[in-house]
>>> print(open('input33.txt').read())   # compact mmCIF, C-alpha atoms
# COMPACT_ATOMS: atom_id res chain seq x y z
CA MET G 21 7.98 12.85 48.67
CA SER G 22 7.02 14.66 45.43
CA THR G 23 8.74 17.74 44.09
CA GLN G 24 5.54 19.74 44.41
CA GLU G 25 5.33 18.93 48.12
CA THR G 26 8.94 20.03 48.73
CA THR G 27 8.53 23.29 46.78
CA PRO G 28 7.48 26.23 48.97
CA PRO G 29 4.06 27.72 48.11
CA ALA G 30 5.61 31.13 47.42
CA THR G 31 7.98 29.58 44.87
CA ARG G 32 5.15 27.71 43.14
CA ALA G 33 3.08 30.89 42.93
CA GLN G 34 6.05 32.77 41.52
CA THR G 35 6.60 30.06 38.90
CA ARG G 36 2.94 30.11 37.86
CA GLY G 37 2.98 33.89 37.69
CA ARG G 38 6.08 33.87 35.53
CA GLY G 39 4.59 31.26 33.20
CA THR G 40 1.43 33.36 32.85
CA ALA G 41 3.53 36.44 32.10
CA VAL G 42 5.38 34.53 29.37
CA TRP G 43 2.12 33.60 27.64
CA VAL G 44 0.81 37.17 27.96
CA VAL G 45 3.96 38.44 26.24
CA LEU G 46 3.61 35.75 23.56
CA VAL G 47 0.01 36.75 22.86
CA VAL G 48 1.03 40.41 22.57
CA SER G 49 3.85 39.33 20.25
CA GLY G 50 1.33 37.48 18.08
CA LEU G 51 -0.91 40.54 17.81
CA LEU G 52 2.08 42.70 16.87
CA LEU G 53 3.12 40.13 14.28
CA LEU G 54 -0.35 40.10 12.75
CA LEU G 55 -0.51 43.90 12.54
CA SER G 56 3.04 44.20 11.21
CA THR G 57 2.30 41.72 8.44
CA PHE G 58 -0.62 43.81 7.20
CA ALA G 59 1.40 47.04 7.48
CA ILE G 60 4.37 45.58 5.59
CA TRP G 61 2.10 44.24 2.85
CA ILE G 62 0.48 47.64 2.34
CA ASN G 63 3.88 49.32 2.26
CA ARG G 64 5.36 46.70 -0.11
CA VAL G 65 2.44 46.43 -2.55
CA ALA G 66 -0.01 49.30 -2.23
CA LEU G 67 2.70 52.00 -1.96
CA ASN G 68 5.33 50.46 -4.25
CA THR G 69 4.62 51.43 -7.85
CA SER G 70 6.78 48.74 -9.47
CA VAL G 71 5.39 45.90 -7.35
CA PHE G 72 1.82 47.16 -7.65
CA THR G 73 2.09 47.53 -11.43
CA ASP G 74 3.64 44.11 -11.98
CA THR G 75 1.12 42.46 -9.67
CA SER G 76 -1.86 44.25 -11.18
CA THR G 77 -0.77 43.52 -14.75
CA SER G 78 -1.05 39.82 -14.01
CA LEU G 79 -4.74 40.40 -13.35
CA LEU G 80 -5.39 40.20 -17.08
CA ASP G 81 -4.10 36.64 -17.08
CA ASN G 82 -7.20 35.65 -15.12
CA PRO G 83 -10.19 34.85 -17.43
CA GLU G 84 -12.84 36.29 -15.09
CA ILE G 85 -10.96 39.55 -14.56
CA ARG G 86 -10.14 39.87 -18.25
CA SER G 87 -13.82 39.38 -19.10
CA ALA G 88 -14.83 42.05 -16.56
CA VAL G 89 -12.32 44.56 -18.03
CA ALA G 90 -13.55 43.79 -21.55
CA ASN G 91 -17.17 44.29 -20.50
CA ARG G 92 -16.28 47.61 -18.84
CA ALA G 93 -14.41 48.85 -21.92
CA VAL G 94 -17.24 47.93 -24.31
CA ASP G 95 -19.92 49.38 -22.00
CA GLU G 96 -17.97 52.64 -21.70
CA LEU G 97 -17.59 52.82 -25.47
CA PHE G 98 -21.28 52.33 -26.18
CA ALA G 99 -22.28 54.60 -23.27
CA ASN G 100 -20.17 57.54 -24.50
CA VAL G 101 -20.62 57.16 -28.26
CA ASP G 102 -23.84 56.86 -30.25
CA VAL G 103 -22.69 53.78 -32.12
CA GLN G 104 -26.13 53.22 -33.64
CA ALA G 105 -26.06 56.65 -35.23
CA GLU G 106 -22.61 55.97 -36.66
CA ILE G 107 -23.74 52.65 -38.11
CA GLU G 108 -26.92 54.21 -39.49
CA SER G 109 -24.93 56.92 -41.25
CA GLN G 110 -22.84 54.27 -42.99
CA LEU G 111 -25.80 52.22 -44.23
CA PRO G 112 -27.79 52.85 -47.44
CA GLU G 113 -31.06 54.62 -46.86
CA ASP G 114 -33.11 51.48 -47.48
CA TYR G 115 -31.22 49.57 -44.77
CA GLN G 116 -30.94 52.26 -42.13
CA GLY G 117 -33.84 50.72 -40.23
CA LEU G 118 -31.60 47.75 -39.44
CA SER G 119 -29.11 49.90 -37.56
CA GLY G 120 -30.60 48.98 -34.17
CA ALA G 121 -30.28 45.25 -34.71
CA ALA G 122 -26.82 45.70 -36.18
CA THR G 123 -25.73 47.72 -33.15
CA ALA G 124 -27.05 45.09 -30.72
CA GLY G 125 -25.27 42.32 -32.60
CA LEU G 126 -22.05 44.32 -32.76
CA ARG G 127 -22.19 44.99 -29.03
CA GLN G 128 -22.57 41.31 -28.17
CA ALA G 129 -19.72 40.35 -30.47
CA SER G 130 -17.56 43.16 -29.09
CA TYR G 131 -17.37 41.57 -25.65
CA GLN G 132 -15.69 38.47 -27.05
CA ILE G 133 -13.49 40.42 -29.47
CA VAL G 134 -12.11 42.71 -26.76
CA ASP G 135 -11.77 39.80 -24.33
CA ARG G 136 -9.53 37.95 -26.78
CA ALA G 137 -7.66 41.15 -27.59
CA LEU G 138 -6.82 41.68 -23.91
CA GLU G 139 -4.63 38.58 -24.08
CA GLN G 140 -2.33 40.36 -26.52
CA PRO G 141 0.67 42.48 -25.44
CA VAL G 142 -0.75 45.71 -26.97
CA PHE G 143 -3.70 45.83 -24.60
CA GLN G 144 -1.66 44.67 -21.63
CA ASP G 145 0.93 47.37 -22.23
CA LEU G 146 -1.81 50.01 -22.32
CA PHE G 147 -3.22 48.66 -19.06
CA LYS G 148 0.23 48.66 -17.46
CA VAL G 149 1.00 52.23 -18.54
CA ALA G 150 -2.34 53.45 -17.20
CA LEU G 151 -1.74 51.74 -13.87
CA ARG G 152 1.81 53.04 -13.56
CA GLU G 153 0.84 56.65 -14.30
CA SER G 154 -2.08 56.70 -11.89
CA HIS G 155 -0.19 54.88 -9.13
CA THR G 156 2.86 57.13 -9.45
CA THR G 157 0.64 60.18 -9.09
CA LEU G 158 -1.24 58.64 -6.18
CA VAL G 159 1.91 57.76 -4.23
CA GLN G 160 3.44 61.15 -4.96
CA VAL G 161 0.38 62.90 -3.63
CA LEU G 162 -0.04 60.64 -0.60
CA GLU G 163 3.57 61.19 0.39
CA GLY G 164 3.11 64.96 0.12
CA GLY G 165 5.39 65.40 -2.87
CA GLY G 166 2.89 66.42 -5.53
CA ASP G 167 0.47 69.23 -6.21
CA ARG G 168 -1.79 67.67 -8.86
CA VAL G 169 -4.66 67.12 -6.40
CA SER G 170 -3.71 69.64 -3.77
CA THR G 171 -6.15 72.24 -5.07
CA GLU G 172 -9.87 72.08 -4.46
CA GLY G 173 -11.64 69.86 -6.93
CA GLY G 174 -8.47 67.95 -7.90
CA GLU G 175 -8.56 64.19 -8.36
CA VAL G 176 -6.24 61.24 -8.84
CA THR G 177 -7.72 59.01 -11.53
CA LEU G 178 -7.07 55.79 -13.42
CA ASP G 179 -7.45 56.70 -17.10
CA LEU G 180 -8.55 53.75 -19.26
CA ARG G 181 -9.50 55.85 -22.32
CA ALA G 182 -6.64 54.40 -24.37
CA ILE G 183 -8.05 50.91 -23.82
CA ILE G 184 -11.50 52.07 -24.96
CA VAL G 185 -10.01 53.59 -28.11
CA GLU G 186 -8.09 50.39 -28.82
CA ALA G 187 -11.29 48.40 -28.24
CA ALA G 188 -13.09 50.57 -30.81
CA ASP G 189 -10.33 49.82 -33.32
CA ARG G 190 -10.59 46.09 -32.65
CA ILE G 191 -14.31 45.98 -33.40
CA GLY G 192 -13.86 48.05 -36.57
CA ILE G 193 -15.33 51.45 -35.67
CA GLY G 194 -12.23 53.22 -34.37
CA ASP G 195 -11.87 55.71 -37.23
CA GLN G 196 -15.53 56.70 -37.03
CA VAL G 197 -15.82 57.22 -33.25
CA VAL G 198 -12.35 58.06 -31.93
CA ASP G 199 -13.04 61.81 -32.07
CA ARG G 200 -16.37 61.36 -30.31
CA ILE G 201 -15.05 59.45 -27.29
CA PRO G 202 -15.00 61.97 -24.38
CA ALA G 203 -11.72 62.74 -22.67
CA ASP G 204 -13.06 61.40 -19.37
CA ALA G 205 -14.37 58.12 -20.80
CA GLY G 206 -13.14 55.17 -18.74
CA ARG G 207 -11.78 57.42 -16.03
CA ILE G 208 -11.97 55.97 -12.52
CA VAL G 209 -11.60 58.36 -9.59
CA ILE G 210 -9.17 56.98 -6.99
CA LEU G 211 -8.75 59.95 -4.66
CA ARG G 212 -10.46 63.33 -4.32
CA SER G 213 -8.91 66.43 -2.82
CA ASP G 214 -11.33 66.48 0.12
CA GLU G 215 -10.02 63.04 1.11
CA LEU G 216 -6.37 64.01 0.79
CA ASP G 217 -5.59 64.95 4.41
CA THR G 218 -7.04 61.72 5.79
CA ALA G 219 -5.28 59.59 3.19
CA GLN G 220 -1.92 61.28 3.76
CA SER G 221 -2.18 60.80 7.52
CA ALA G 222 -3.09 57.13 7.08
CA VAL G 223 -0.17 56.53 4.71
CA GLU G 224 2.28 58.27 7.01
CA LEU G 225 1.08 56.11 9.92
CA LEU G 226 1.31 52.90 7.87
CA LYS G 227 4.83 53.67 6.67
CA THR G 228 5.92 54.23 10.26
CA LEU G 229 4.23 51.06 11.48
CA ALA G 230 5.83 49.05 8.67
CA TRP G 231 9.24 49.34 10.33
CA VAL G 232 8.30 49.99 13.98
CA LEU G 233 5.98 46.99 14.42
CA PRO G 234 8.48 44.33 13.18
CA ILE G 235 11.11 45.64 15.61
CA LEU G 236 8.64 45.59 18.50
CA THR G 237 7.58 42.07 17.48
CA LEU G 238 11.14 40.74 17.58
CA ILE G 239 11.75 42.42 20.93
CA ALA G 240 8.53 40.95 22.36
CA PHE G 241 9.37 37.40 21.22
CA GLY G 242 12.91 37.73 22.56
CA PHE G 243 11.63 39.03 25.90
CA ALA G 244 9.21 36.08 26.18
CA VAL G 245 12.04 33.58 25.67
CA TRP G 246 14.28 35.44 28.13
CA LEU G 247 11.52 35.62 30.74
CA ALA G 248 10.75 31.90 30.65
CA ARG G 249 12.50 29.56 33.07
CA ASP G 250 12.20 26.68 30.61
CA ARG G 251 13.63 27.84 27.27
CA ARG G 252 12.35 24.76 25.46
CA ARG G 253 8.77 25.47 26.48
CA ALA G 254 9.23 29.09 25.46
CA VAL G 255 10.37 27.99 22.01
CA ARG G 256 7.36 25.71 21.81
CA GLY G 257 5.14 28.65 22.76
CA VAL G 258 6.67 30.77 20.00
CA GLY G 259 5.92 27.98 17.53
CA VAL G 260 2.30 27.78 18.68
CA VAL G 261 1.88 31.55 18.34
CA LEU G 262 3.39 31.56 14.83
CA VAL G 263 1.10 28.77 13.65
CA VAL G 264 -1.99 30.44 15.17
CA VAL G 265 -1.13 33.87 13.72
CA GLY G 266 -0.52 32.35 10.30
CA LEU G 267 -3.87 30.56 10.32
CA VAL G 268 -5.71 33.59 11.71
CA GLY G 269 -4.11 35.82 9.07
CA LEU G 270 -5.20 33.51 6.24
CA ALA G 271 -8.72 33.39 7.66
CA ALA G 272 -8.78 37.20 8.08
CA ALA G 273 -7.70 37.68 4.46
CA ARG G 274 -10.53 35.45 3.26
CA ILE G 275 -13.13 37.11 5.50
CA THR G 276 -11.99 40.58 4.40
CA ARG G 277 -12.21 39.52 0.76
CA ASN G 278 -15.75 38.21 1.15
CA TYR G 279 -16.87 41.35 2.98
CA LEU G 280 -15.33 43.83 0.53
CA VAL G 281 -16.53 41.98 -2.54
CA ASN G 282 -20.09 41.66 -1.25
CA GLU G 283 -20.19 45.31 -0.16
CA LEU G 284 -18.43 46.99 -3.09
CA VAL G 285 -19.38 44.82 -6.08
CA ALA G 286 -23.04 45.21 -6.91
CA ARG G 287 -23.25 42.85 -9.88
CA ARG G 288 -23.15 39.20 -8.94
CA ASP G 289 -21.46 38.31 -12.25
CA ASP G 290 -18.48 40.53 -11.37
CA ARG G 291 -17.90 39.07 -7.91
CA GLU G 292 -15.90 36.11 -9.16
CA ALA G 293 -13.56 38.49 -10.95
CA ALA G 294 -13.31 40.64 -7.81
CA ASN G 295 -12.48 37.57 -5.71
CA ASN G 296 -9.72 36.58 -8.12
CA ALA G 297 -8.37 40.13 -8.17
CA TRP G 298 -8.18 40.17 -4.37
CA ASP G 299 -6.38 36.82 -4.34
CA ILE G 300 -3.80 38.06 -6.86
CA LEU G 301 -3.18 41.38 -5.09
CA THR G 302 -2.90 39.75 -1.65
CA GLU G 303 -0.73 36.79 -2.69
CA LEU G 304 2.36 38.30 -1.04
CA MET G 305 0.52 38.78 2.24
CA ARG G 306 -1.00 35.31 2.22
CA GLY G 307 2.39 33.87 1.32
CA SER G 308 3.81 35.53 4.45
CA PHE G 309 1.13 33.92 6.59
CA ARG G 310 1.82 30.50 5.05
CA LEU G 311 5.52 30.98 5.80
CA MET G 312 4.61 31.72 9.42
CA VAL G 313 2.82 28.39 9.70
CA VAL G 314 5.85 26.56 8.30
CA VAL G 315 8.29 28.40 10.59
CA GLY G 316 5.98 27.77 13.57
CA LEU G 317 5.99 24.04 12.83
CA LEU G 318 9.80 24.15 12.67
CA PHE G 319 9.86 25.81 16.09
CA LEU G 320 7.63 23.05 17.47
CA LEU G 321 9.91 20.45 15.90
CA ALA G 322 12.98 22.09 17.44
CA ALA G 323 11.32 22.16 20.87
CA TRP G 324 10.39 18.48 20.59
CA LEU G 325 13.87 17.54 19.41
CA ALA G 326 15.43 19.17 22.48
CA GLY G 327 13.11 17.28 24.84
CA PRO G 328 13.81 14.25 27.03
CA GLY G 329 11.62 11.81 25.10
CA ARG G 330 12.96 8.49 23.84
CA ARG G 331 12.27 9.28 20.18
CA ALA G 332 13.81 12.74 20.52
CA LEU G 333 16.93 11.20 22.06
CA ALA G 334 17.18 8.66 19.25
CA THR G 335 16.82 11.43 16.67
CA ARG G 336 19.56 13.44 18.33
CA GLY G 337 21.74 10.35 18.25
CA TRP G 338 21.20 10.08 14.50
CA LEU G 339 21.97 13.79 14.01
CA ALA G 340 25.01 13.82 16.28
CA PRO G 341 27.53 12.63 13.64
CA GLY G 342 26.27 15.20 11.15
CA LEU G 343 26.48 18.00 13.71
CA ALA G 344 29.96 16.99 14.82
CA ASN G 345 31.26 18.89 11.80
CA ARG G 346 29.26 22.11 11.69
CA ALA G 347 30.21 22.77 8.06
CA TRP G 348 27.57 20.36 6.73
CA ALA G 349 24.85 21.93 8.89
CA TYR G 350 25.71 25.44 7.74
CA VAL G 351 25.83 24.35 4.10
CA ALA G 352 22.27 23.04 4.47
CA LEU G 353 21.24 26.29 6.17
CA ALA G 354 22.79 28.33 3.35
CA VAL G 355 20.84 26.29 0.79
CA VAL G 356 17.60 27.04 2.66
CA GLY G 357 18.45 30.76 2.67
CA LEU G 358 19.10 30.76 -1.09
CA VAL G 359 15.80 28.99 -1.72
CA LEU G 360 13.94 31.59 0.34
CA LEU G 361 15.62 34.43 -1.57
CA LEU G 362 15.26 32.96 -5.06
CA THR G 363 11.63 31.91 -4.68
CA THR G 364 10.38 35.25 -3.42
CA GLU G 365 8.42 37.49 -5.77
CA VAL G 366 9.67 40.70 -4.15
CA ALA G 367 13.29 40.74 -2.97
CA ASP G 368 13.10 44.01 -1.04
CA PHE G 369 14.68 45.05 2.27
CA ALA G 370 11.83 43.61 4.34
CA ARG G 371 12.27 40.20 2.73
CA LEU G 372 16.04 40.33 3.32
CA VAL G 373 15.44 41.10 7.00
CA VAL G 374 13.04 38.15 7.34
CA VAL G 375 15.50 35.77 5.69
CA ALA G 376 18.35 37.13 7.86
CA VAL G 377 16.31 36.57 11.05
CA LEU G 378 15.39 33.03 9.99
CA LEU G 379 19.02 32.22 9.18
CA ALA G 380 20.12 33.62 12.55
CA LEU G 381 17.55 31.44 14.32
CA GLY G 382 18.70 28.45 12.29
CA ALA G 383 22.33 29.08 13.23
CA THR G 384 21.35 29.37 16.90
CA TRP G 385 19.50 26.06 16.71
CA ILE G 386 22.51 24.38 15.09
CA GLU G 387 24.88 25.55 17.82
CA LEU G 388 22.55 24.64 20.70
CA THR G 389 21.71 21.23 19.28
CA ARG G 390 25.37 20.61 18.45
CA ARG G 391 26.34 21.39 22.05
CA GLN G 392 23.62 19.10 23.40
CA THR G 393 24.49 16.16 21.13
CA ALA G 394 28.21 16.57 21.89
CA LEU G 395 27.48 16.02 25.59
CA GLU G 396 25.10 13.11 24.99
CA PHE G 397 27.08 11.38 22.24
CA PRO G 398 30.75 12.34 22.68
CA ASP G 399 31.98 9.49 20.44
CA ALA G 400 29.94 10.57 17.39
CA GLU G 401 32.06 11.21 14.30
CA ALA G 402 31.11 13.32 11.32
CA SER G 403 32.39 10.69 8.89
CA THR G 404 29.83 8.15 10.10
CA PHE G 405 26.79 10.37 9.51
CA PHE G 406 26.46 9.80 5.79
CA SER G 407 27.50 6.15 5.95
CA ASP G 408 24.97 5.51 8.73
CA THR G 409 22.25 7.33 6.81
CA TRP G 410 23.08 5.41 3.64
CA SER G 411 23.12 2.14 5.59
CA ARG G 412 19.68 2.86 7.06
CA MET G 413 18.25 3.77 3.66
CA SER G 414 19.79 0.66 2.07
CA SER G 415 18.42 -1.57 4.83
CA TRP G 416 14.98 -0.08 4.45
CA TRP G 417 15.11 -0.54 0.68
CA ASP G 418 16.28 -4.16 1.01
CA GLU G 419 13.45 -4.87 3.44
CA GLN G 420 10.93 -3.42 1.01
CA ARG G 421 12.31 -5.49 -1.87
CA ALA G 422 12.32 -8.68 0.24
CA ALA G 423 8.74 -8.09 1.35
CA SER G 424 7.67 -7.46 -2.24
CA ALA G 425 9.44 -10.63 -3.44
CA ALA G 426 7.81 -12.67 -0.66
CA ARG G 427 4.37 -11.38 -1.63
CA GLY G 428 5.03 -12.25 -5.28
CA ALA G 429 6.26 -15.75 -4.41
CA SER G 430 3.23 -16.44 -2.24
CA GLN G 431 0.94 -15.41 -5.08
CA SER G 432 2.78 -17.55 -7.70
CA VAL G 433 2.72 -20.84 -5.71
CA PRO G 434 -0.54 -22.74 -6.39
CA PRO G 435 -2.61 -23.58 -3.34
CA PRO G 436 -2.28 -27.18 -2.07
CA PRO G 437 -5.09 -29.58 -2.94
CA PRO G 438 -7.72 -30.02 -0.29
CA ALA G 439 -6.96 -32.73 2.25
CA THR G 440 -8.79 -36.09 1.74
CA ASP G 441 -10.93 -37.38 4.66
CA VAL G 442 -10.18 -41.15 4.35
CA SER G 443 -12.02 -42.15 7.52
CA GLY G 444 -15.11 -40.26 6.46
CA ARG G 445 -15.18 -41.92 3.04
CA LEU G 446 -14.71 -45.39 4.58
CA ALA G 447 -17.55 -44.72 7.02
CA SER G 448 -19.82 -43.74 4.13
CA LEU G 449 -18.91 -46.92 2.23
CA ALA G 450 -19.64 -49.02 5.31
CA GLU G 451 -23.09 -47.47 5.66
CA LEU G 452 -23.86 -48.15 1.97
CA HIS G 453 -22.65 -51.76 2.34
CA ALA G 454 -24.74 -52.33 5.49
CA SER G 455 -27.85 -50.95 3.79
CA GLY G 456 -27.36 -53.31 0.86
CA ALA G 457 -26.57 -50.60 -1.65
CA LEU G 458 -23.14 -52.14 -2.25
CA SER G 459 -22.36 -55.81 -2.66
CA ASP G 460 -19.40 -57.45 -0.95
CA ASP G 461 -17.28 -57.25 -4.11
CA GLU G 462 -18.25 -53.62 -4.80
CA PHE G 463 -17.53 -52.64 -1.20
CA ALA G 464 -14.13 -54.34 -1.29
CA ALA G 465 -13.16 -52.64 -4.56
CA ALA G 466 -14.30 -49.18 -3.39
CA LYS G 467 -12.46 -49.59 -0.09
CA ALA G 468 -9.27 -50.52 -1.92
CA ARG G 469 -9.48 -47.39 -4.08
CA VAL G 470 -9.97 -45.14 -1.03
CA LEU G 471 -7.01 -46.63 0.74
CA ALA G 472 -4.94 -46.20 -2.42
CA GLY G 473 -5.69 -42.46 -2.33
CA GLU G 474 -7.79 -42.36 -5.50
>>> encode(input="input33.txt", output="structure tokens")
Amino acid sequence: MSTQETTPPATRAQTRGRGTAVWVVLVVSGLLLLLSTFAIWINRVALNTSVFTDTSTSLLDNPEIRSAVANRAVDELFANVDVQAEIESQLPEDYQGLSGAATAGLRQASYQIVDRALEQPVFQDLFKVALRESHTTLVQVLEGGGDRVSTEGGEVTLDLRAIIVEAADRIGIGDQVVDRIPADAGRIVILRSDELDTAQSAVELLKTLAWVLPILTLIAFGFAVWLARDRRRAVRGVGVVLVVVGLVGLAAARITRNYLVNELVARRDDREAANNAWDILTELMRGSFRLMVVVGLLFLLAAWLAGPGRRALATRGWLAPGLANRAWAYVALAVVGLVLLLTTEVADFARLVVVAVLLALGATWIELTRRQTALEFPDAEASTFFSDTWSRMSSWWDEQRAASAARGASQSVPPPPPATDVSGRLASLAELHASGALSDDEFAAAKARVLAGE
């Protein structure tokens, strides 16, 4: 009689209901994880002046973005200063009619000159200072600590005038036009006073969500594992959710980029630069989603390894000697933690919390797997782990070398000569002799040669 037949209907319904509840909690956990990732990214990048400045400065390393900045600087210069009039005033009277052509040629050359100049530290430092000043003011105002835009008509701006002045110097007209460049040339309005209340409320909400959502996410995942009757399936469910959220987050970042670029960038030539800028500014967020996929796959691997399958049991048998002495396992875990910390671009508190949670999960997996393998393989010794691993690797390597040598030997030996059909040749000679084509003496001589193997 099957287990299903012996299980009361009420118990089966309760089990199905509990399994459904576990997946509902896992789905809610995934949504919280997705939202918390966006909130943490905004708090770590958009509201952190140092991170935002360092990330944005690297924009000039991208050729498309650098070209767009150069074009903007040159266009602002020629839009705010009558360069043709300046050139005409410097030319002799007989050549003043060429000022228009000279201005057009200078403008075309200026794009390349400024583009190359933006690769140099002088321009990059000016860009970095402008970003830092504007971002510091913006964050101060958004957090309610400043009064520079609190009055009606106030604005937070990104001032690129210094870059325009430096561009004028690079193309050789700085001394003539520096006094004529308006104070607001190259100024980009980031926030107006009539938008202040909404922006401050949004920032306050995001800063709260940046620490509330991760806590709720951890609680939700923990509750799902606790609620499940089968812990291994719950771990597998967590892995599936992590992989799905990671992939959905990467797709959402790409879709958001395409929408914003198409809606906000009017010129088609500037869209490639805008795409690259989005990719650079969102690298931390997309890196988090990629890490989720990797961690999710590790959860799936852990769930498989704890299962009853034949391959899983064999793998546990191979790991049992290494887990017999937990020191080696924790050394490997510590190395993974150091790699995660040293390879991160922003080692802030949020990153430390993520690494700490991952290390705690790794330690839990080590202890649970160690307990399981100790029951299944009580005679496993730590000293045999490395020798067994080395023996397996050596055996595999010897097999590969033997197979390679066998293939080489088979290719070096010449093929045997084709077998001779003696009976067929004798039959042919007999037919020739019967038809009179061969005389008795010729037939006898040819037959003797065939039998001799010639």
>>> residues_around(input="input33.txt", residues="Asp135 (chain G)", least_positions_apart="3", cutoff="12 Å", atoms="all atoms listed in the file", output="ChimeraX atom specification")
/G:80-94,128-132,138-140,143-144,183,187,190-191
>>> atom_distance(input="input33.txt", atom1="CA of Ala105 (chain G)", atom2="CA of Pro202 (chain G)")
16.4 Å
>>> closest_residue(input="input33.txt", among="G:Ser78, G:Thr237, G:Gln392, G:Thr384", to="Leu52 (chain G)", atoms="all atoms listed in the file")
G:Thr237
>>> atom_distance(input="input33.txt", atom1="CA of Gly266 (chain G)", atom2="CA of Leu361 (chain G)")
20.1 Å
>>> residues_around(input="input33.txt", residues="Glu396 (chain G)", least_positions_apart="4", cutoff="10 Å", atoms="only C-alpha atoms", output="PyMOL selection string")
chain G and resi 333+336-337+340+390-392+400
>>> axis_aligned_box(input="input33.txt", around="region 336-346 of chain G", padding_each_side="3 Å", output="JSON")
{"center_x": 25.4, "center_y": 16.1, "center_z": 14.7, "size_x": 17.7, "size_y": 18.0, "size_z": 13.2}
>>> atom_distance(input="input33.txt", atom1="CA of Val351 (chain G)", atom2="CA of Leu372 (chain G)")
18.8 Å
>>> residues_around(input="input33.txt", residues="Gln104 (chain G)", least_positions_apart="6", cutoff="9 Å", atoms="all atoms listed in the file", output="number ranges by chain")
G: 98, 119-120, 122-124
>>> closest_residue(input="input33.txt", among="G:Glu224, G:Ser455, G:Val258, G:Arg249", to="Val44 (chain G)", atoms="only C-alpha atoms")
G:Val258
>>> closest_atom_pairs(input="input33.txt", of="region 275-319 of chain G", to="region 69-75 of chain G", cutoff="12 Å", atoms="all atoms listed in the file", output="tab-separated table")
residue	atom	partner	partner_atom	distance
G:Ala297	CA	G:Thr75	CA	9.9
G:Trp298	CA	G:Thr75	CA	10.9
G:Asp299	CA	G:Thr75	CA	10.8
G:Ile300	CA	G:Thr75	CA	7.2
G:Leu301	CA	G:Thr75	CA	6.4
G:Thr302	CA	G:Thr75	CA	9.4
G:Glu303	CA	G:Thr75	CA	9.2
G:Leu304	CA	G:Thr75	CA	9.7
>>> closest_residue(input="input33.txt", among="G:Leu226, G:Val48, G:Val377, G:Ala271", to="Ala66 (chain G)", atoms="all atoms listed in the file")
G:Leu226
>>> residues_around(input="input33.txt", residues="Ala41 (chain G)", least_positions_apart="4", cutoff="12 Å", atoms="only C-alpha atoms", output="list of chain:residue names")
G:Gln34, G:Thr35, G:Arg36, G:Gly37, G:Val45, G:Leu46, G:Val47, G:Val48, G:Ala240, G:Phe243, G:Ala244, G:Val245, G:Trp246, G:Leu247, G:Ala248, G:Arg249, G:Ala254
>>> closest_residue(input="input33.txt", among="G:Phe319, G:Tyr279, G:Trp231, G:Tyr350", to="Val255 (chain G)", atoms="only C-alpha atoms")
G:Phe319
>>> closest_residue(input="input33.txt", among="G:Arg331, G:Leu262, G:Arg252, G:Val356", to="Leu388 (chain G)", atoms="all atoms listed in the file")
G:Arg252
>>> closest_residue(input="input33.txt", among="G:Leu311, G:Arg274, G:Ile386, G:Ala188", to="Trp348 (chain G)", atoms="all atoms listed in the file")
G:Ile386
